[in-house]
Amino acid sequence: MLELAIGIILGCCALGAGTAMIAGIGPGIGEGNAVAKACEAIGRQPESRGSVTTTMLMGCAVAETTGLYALVIAILLIFVAPGYLVNILMRTIG
Amino acid sequence: MKQKKGRFAAIDALLLMGVAMPLLAGIALKVLFVPAAEGIEITGAYIFFTLKMPVGGDLPITETQVNSWLVIMSIFFLCLYLTHGLKAEGGSRRQHLAEWIVEQTDTLVMENMGEYFKGFSPFIGAVLGLSAFSSLVTLVGLYPPTSDINVTAGWAIMVFFLITYYKMKCGPLHYLKSFGEPVAFLAPLNVISEFATPVSMAFRHYGNILSGTVISVLVGTALQGLTSLLLGRLPGILGQFPFFQIGLPAVLSVYFDLFSGCLQAFIFAMLTMLYVSGGFPEEDYRKKQERKKNKNRKHSAVNA
């Protein structure tokens with residue numbers, strides 16, 4: 001019984017981590033858009049290459065934030081949550 | 001003259017040793033104390049020992065703290081080396097490098113923050129240098145302090161205090177009023193976004209560096225498995241030769257360690273500049289200063 005409980009905890013943590021990383025879609029699309037627009041801008045005005053690139057990198061970094069939140073959640077679920085939850089389980093069982 | 005030159009060179013050598021020694025010490029500490037990882041093992045910073053504190057729990061001395069101090073020492077000696085033997089005219093190559101760094105930082109700060117924040121360039125330079133070197137320390141195989149959330153969170157909290165300080169420049173009432181903009185009922189959201197700033201800054205920096213480490217470890221382990229699966233049957237040394245591990249991890253390292261580390265340092269410094277100068281109500285502050293001046297003038301006129 002205990003093995004089953006621990007197995008459920010581990011499996012659900014892994015599932016949750018995988019599900020959390022669906023958030024990676026958003027930043028991917030967003031950054032792709034940003035880079036595409038930056039390429040267009042450089043094509044139209046090649047002399048403004050430096051400032052466009054800097055601004056694009058800044059924007060990419062900010063757009064990446066939501067994806068990184070998901071990553072942090074996933075890392076917590078994989079490396080921190082199982083131990084914590086198993087501890088709780090052990091304490092409740094006694 | 002010759003003696004002077006000899007002394008100069010000796011001090012140079014000492015300073016260069018000061019740059020290299022902390023990194024070597026870090027590697028030695030890692031080799032001596034940190035147990036080697038087997039297979040996929042992604043752990044936090046290794047705890048060297050724990051100090052008993054009289055108040056508020058124990059203080060663990062981790063790899064993060066040790067490596068941060070080593071990086072700080074290394075940067076300190078690097079700065080001393082670059083500024084050793086400055087001359088008003090001519091000057092050596094390293095003087096040009098040091099001047100170039102200072103000029104670049106100054107122009108960056110002037111462009112992004114404006115005239116009022118001219119004094120910020122040493123701080124921004126320090127943030128850039130510390131952050132970049134902390135991430136680049138992976139290149140010699142050390143644990144990067146920036147992949148520990150405590151470090152980046154500490155920096156982000158520092159930046160948060162700076163932002164709040166400059167927002168308060170027009171007095172606390174003006175600061176409180178700024179939450180009610182553009183509409184009063186948005187105040188809770190404004191408060192949340194105020195606290196989201198340091199959180200997102202800390203998570204961004206830490207997440208980027210850590211994800212690089214995690215992906216590098218995963219790819220390395222996968223390639224190891226591939227090698228032993230495909231070539232493990234070969235006789236002798238051919239079977240153990242890490243054939244597939246050559247090349248791809250190096251390319252990944254160029255992106256994750258070099259590019260991402262420098263980019264995140266730049267972004268952290270850039271966001272610091274933008275948030276601090278953006279939060280500062282420049283026009284209102286100037287108006288307030290003028291009002292004060294006028295008041296003082298009136299007072300002195302009345303007194304006279």
# chains A, B, ... in the order shown; residues from 1 in each chain; ligands from 1
call {"tool": "interface_residues", "arguments": {"of": "chain B", "to": "chain A", "cutoff": "7 Å", "atoms": "only C-alpha atoms", "output": "ChimeraX atom specification"}}
result
/B:200,203-204,207,267
call {"tool": "write_last_selection", "arguments": {"atoms": "N, CA, C and O atoms", "output": "PDB file, in the first residue's frame"}}
result
ATOM      1  N   SER B 200      10.399  38.269 -10.839  1.00  0.00           N
ATOM      2  CA  SER B 200      10.673  37.869 -12.224  1.00  0.00           C
ATOM      3  C   SER B 200      12.149  38.064 -12.562  1.00  0.00           C
ATOM      4  O   SER B 200      12.730  37.258 -13.292  1.00  0.00           O
ATOM      5  N   PHE B 203      13.959  35.059 -10.945  1.00  0.00           N
ATOM      6  CA  PHE B 203      13.672  33.794 -11.615  1.00  0.00           C
ATOM      7  C   PHE B 203      14.267  33.753 -13.009  1.00  0.00           C
ATOM      8  O   PHE B 203      14.692  32.701 -13.474  1.00  0.00           O
ATOM      9  N   ARG B 204      14.267  34.902 -13.702  1.00  0.00           N
ATOM     10  CA  ARG B 204      14.760  34.921 -15.066  1.00  0.00           C
ATOM     11  C   ARG B 204      16.236  34.541 -15.088  1.00  0.00           C
ATOM     12  O   ARG B 204      16.661  33.647 -15.819  1.00  0.00           O
ATOM     13  N   GLY B 207      16.733  30.916 -13.656  1.00  0.00           N
ATOM     14  CA  GLY B 207      16.163  29.895 -14.521  1.00  0.00           C
ATOM     15  C   GLY B 207      16.981  29.678 -15.774  1.00  0.00           C
ATOM     16  O   GLY B 207      17.181  28.546 -16.204  1.00  0.00           O
ATOM     17  N   ILE B 267      21.147  41.565 -19.544  1.00  0.00           N
ATOM     18  CA  ILE B 267      19.715  41.827 -19.365  1.00  0.00           C
ATOM     19  C   ILE B 267      19.430  42.248 -17.933  1.00  0.00           C
ATOM     20  O   ILE B 267      18.625  43.148 -17.686  1.00  0.00           O
TER      21      ILE B 267
END
call {"tool": "residues_around", "arguments": {"residues": "stretch 178-180 of chain B", "least_positions_apart": "6", "cutoff": "12 Å", "atoms": "only C-alpha atoms", "output": "tab-separated table (two decimals) with all heavy atoms, in the first residue's frame"}}
result
chain	number	residue	atom	x	y	z
B	164	THR	N	12.40	51.35	-5.19
B	164	THR	CA	11.50	51.99	-4.24
B	164	THR	C	12.08	53.30	-3.73
B	164	THR	O	11.37	54.29	-3.57
B	164	THR	CB	11.21	51.03	-3.08
B	164	THR	OG1	10.93	49.75	-3.62
B	164	THR	CG2	10.04	51.50	-2.27
B	167	LYS	N	11.55	55.86	-6.30
B	167	LYS	CA	10.14	56.21	-6.43
B	167	LYS	C	9.71	57.12	-5.29
B	167	LYS	O	8.77	57.90	-5.42
B	167	LYS	CB	9.29	54.95	-6.44
B	167	LYS	CG	9.22	54.32	-7.81
B	167	LYS	CD	8.18	53.23	-7.83
B	167	LYS	CE	8.04	52.70	-9.24
B	167	LYS	NZ	7.17	51.54	-9.30
B	168	MET	N	10.38	56.97	-4.15
B	168	MET	CA	10.01	57.75	-2.97
B	168	MET	C	10.65	59.13	-2.97
B	168	MET	O	10.51	59.88	-2.01
B	168	MET	CB	10.47	57.01	-1.71
B	168	MET	CG	9.65	55.80	-1.41
B	168	MET	SD	8.83	55.98	0.13
B	168	MET	CE	8.34	54.34	0.49
B	170	CYS	N	9.99	61.82	-4.32
B	170	CYS	CA	9.07	62.93	-4.20
B	170	CYS	C	8.22	62.82	-2.94
B	170	CYS	O	7.16	63.40	-2.84
B	170	CYS	CB	8.15	63.00	-5.40
B	170	CYS	SG	8.94	63.68	-6.83
B	171	GLY	N	8.66	62.03	-1.99
B	171	GLY	CA	7.90	61.89	-0.76
B	171	GLY	C	7.01	60.67	-0.80
B	171	GLY	O	6.60	60.23	-1.87
B	172	PRO	N	6.71	60.09	0.38
B	172	PRO	CA	5.91	58.86	0.44
B	172	PRO	C	4.50	59.03	-0.09
B	172	PRO	O	3.92	58.09	-0.63
B	172	PRO	CB	5.91	58.51	1.93
B	172	PRO	CG	6.45	59.68	2.64
B	172	PRO	CD	7.20	60.52	1.67
B	186	LEU	N	-7.41	49.90	-9.69
B	186	LEU	CA	-6.34	49.02	-10.15
B	186	LEU	C	-5.21	48.91	-9.14
B	186	LEU	O	-4.22	48.25	-9.39
B	186	LEU	CB	-5.78	49.52	-11.48
B	186	LEU	CG	-6.65	49.26	-12.70
B	186	LEU	CD1	-5.99	49.82	-13.94
B	186	LEU	CD2	-6.90	47.78	-12.88
B	187	ALA	N	-5.39	49.55	-7.99
B	187	ALA	CA	-4.30	49.60	-7.01
B	187	ALA	C	-3.77	48.21	-6.60
B	187	ALA	O	-2.56	48.04	-6.54
B	187	ALA	CB	-4.75	50.39	-5.79
B	188	PRO	N	-4.65	47.23	-6.33
B	188	PRO	CA	-4.12	45.90	-5.96
B	188	PRO	C	-3.22	45.31	-7.03
B	188	PRO	O	-2.16	44.75	-6.73
B	188	PRO	CB	-5.38	45.05	-5.79
B	188	PRO	CG	-6.48	45.99	-5.58
B	188	PRO	CD	-6.11	47.26	-6.24
B	189	LEU	N	-3.63	45.49	-8.29
B	189	LEU	CA	-2.80	44.97	-9.38
B	189	LEU	C	-1.45	45.67	-9.41
B	189	LEU	O	-0.42	45.03	-9.66
B	189	LEU	CB	-3.52	45.16	-10.71
B	189	LEU	CG	-4.69	44.22	-10.95
B	189	LEU	CD1	-5.33	44.51	-12.28
B	189	LEU	CD2	-4.20	42.79	-10.91
B	190	ASN	N	-1.47	46.96	-9.16
B	190	ASN	CA	-0.21	47.70	-9.15
B	190	ASN	C	0.71	47.20	-8.05
B	190	ASN	O	1.92	47.10	-8.25
B	190	ASN	CB	-0.47	49.20	-8.98
B	190	ASN	CG	-0.89	49.83	-10.28
B	190	ASN	OD1	-0.55	49.33	-11.35
B	190	ASN	ND2	-1.64	50.91	-10.20
B	191	VAL	N	0.13	46.91	-6.89
B	191	VAL	CA	0.94	46.39	-5.79
B	191	VAL	C	1.56	45.05	-6.17
B	191	VAL	O	2.75	44.80	-5.94
B	191	VAL	CB	0.07	46.25	-4.51
B	191	VAL	CG1	0.85	45.55	-3.42
B	191	VAL	CG2	-0.37	47.61	-4.03
B	192	ILE	N	0.73	44.19	-6.81
B	192	ILE	CA	1.25	42.89	-7.22
B	192	ILE	C	2.38	43.05	-8.23
B	192	ILE	O	3.43	42.41	-8.13
B	192	ILE	CB	0.11	42.03	-7.81
B	192	ILE	CG1	-0.86	41.62	-6.71
B	192	ILE	CG2	0.67	40.78	-8.48
B	192	ILE	CD1	-2.09	40.94	-7.22
B	193	SER	N	2.18	43.95	-9.19
B	193	SER	CA	3.22	44.10	-10.21
B	193	SER	C	4.48	44.69	-9.60
B	193	SER	O	5.59	44.44	-10.08
B	193	SER	CB	2.72	44.96	-11.36
B	193	SER	OG	2.71	46.30	-11.00
B	194	GLU	N	4.31	45.47	-8.53
B	194	GLU	CA	5.48	46.01	-7.84
B	194	GLU	C	6.34	44.87	-7.28
B	194	GLU	O	7.56	44.89	-7.38
B	194	GLU	CB	5.00	46.92	-6.70
B	194	GLU	CG	6.04	47.82	-6.11
B	194	GLU	CD	6.42	48.93	-7.05
B	194	GLU	OE1	5.64	49.22	-7.98
B	194	GLU	OE2	7.50	49.49	-6.87
B	279	GLY	N	11.15	54.23	-12.71
B	279	GLY	CA	10.34	54.47	-11.53
B	279	GLY	C	10.52	55.87	-10.97
B	279	GLY	O	9.71	56.33	-10.18
B	280	PHE	N	11.59	56.53	-11.38
B	280	PHE	CA	11.89	57.85	-10.82
B	280	PHE	C	11.02	58.91	-11.50
B	280	PHE	O	11.11	59.10	-12.70
B	280	PHE	CB	13.37	58.15	-11.05
B	280	PHE	CG	13.79	59.50	-10.58
B	280	PHE	CD1	13.62	59.86	-9.27
B	280	PHE	CD2	14.36	60.39	-11.46
B	280	PHE	CE1	14.02	61.12	-8.83
B	280	PHE	CE2	14.76	61.64	-11.03
B	280	PHE	CZ	14.58	62.00	-9.72
B	281	PRO	N	10.15	59.59	-10.75
B	281	PRO	CA	9.29	60.62	-11.35
B	281	PRO	C	10.08	61.91	-11.57
B	281	PRO	O	10.06	62.83	-10.75
B	281	PRO	CB	8.18	60.81	-10.31
B	281	PRO	CG	8.77	60.37	-9.04
B	281	PRO	CD	9.90	59.43	-9.33
B	284	ASP	N	8.15	65.53	-11.82
B	284	ASP	CA	7.60	65.97	-10.53
B	284	ASP	C	8.72	66.36	-9.58
B	284	ASP	O	8.60	67.34	-8.83
B	284	ASP	CB	6.76	64.84	-9.91
B	284	ASP	CG	5.55	64.53	-10.77
B	284	ASP	OD1	5.26	65.36	-11.66
B	284	ASP	OD2	4.93	63.48	-10.55
call {"tool": "residues_around", "arguments": {"residues": "stretch 141-150 of chain B", "least_positions_apart": "3", "cutoff": "8 Å", "atoms": "only C-alpha atoms", "output": "list in words"}}
result
Gly26, Ile27, Lys30, Gly44, Ala45, Glu63, Thr64, Gln65, Asn67, Ser68, Ser131, Ser134, Ser135, Leu136, Val137, Thr138, Ala153, Gly154, Ala202, Phe203, His205, Tyr206, Gly207, Ile209 and Leu210 of chain B
call {"tool": "select_by_dssp", "arguments": {"residues": "stretch 8-212 of chain B", "states": "strand (DSSP E)", "output": "count of residues only"}}
result
9
call {"tool": "residues_around", "arguments": {"residues": "B:Phe266", "least_positions_apart": "2", "cutoff": "10 Å", "atoms": "only C-alpha atoms", "output": "ChimeraX atom specification"}}
result
/A:54,57-58 /B:124-125,127-129,131-132,260-264,268-272
call {"tool": "select_by_dssp", "arguments": {"residues": "stretch 6-229 of chain B", "states": "alpha helix (DSSP H)", "output": "VMD selection string"}}
result
chain B and resid 6 to 33 63 to 82 93 to 113 121 to 136 149 to 167 172 to 177 187 to 229
call {"tool": "residues_around", "arguments": {"residues": "stretch 218-226 of chain B", "least_positions_apart": "3", "cutoff": "8 Å", "atoms": "only C-alpha atoms", "output": "PyMOL selection string"}}
result
chain B and resi 39-40+214-215+229-230+242+244-245+249
call {"tool": "residues_around", "arguments": {"residues": "A:Glu3", "least_positions_apart": "5", "cutoff": "12 Å", "atoms": "only C-alpha atoms", "output": "PyMOL selection string"}}
result
chain A and resi 8-11+86+89-90
call {"tool": "residues_around", "arguments": {"residues": "B:Ser121", "least_positions_apart": "4", "cutoff": "12 Å", "atoms": "only C-alpha atoms", "output": "VMD selection string"}}
result
chain B and resid 101 to 117 125 to 129 269 to 270 272 to 273
call {"tool": "closest_residue", "arguments": {"among": "A:Cys60, A:Cys13, A:Ala20, A:Met1", "to": "A:Ala34", "atoms": "only C-alpha atoms"}}
result
A:Cys60
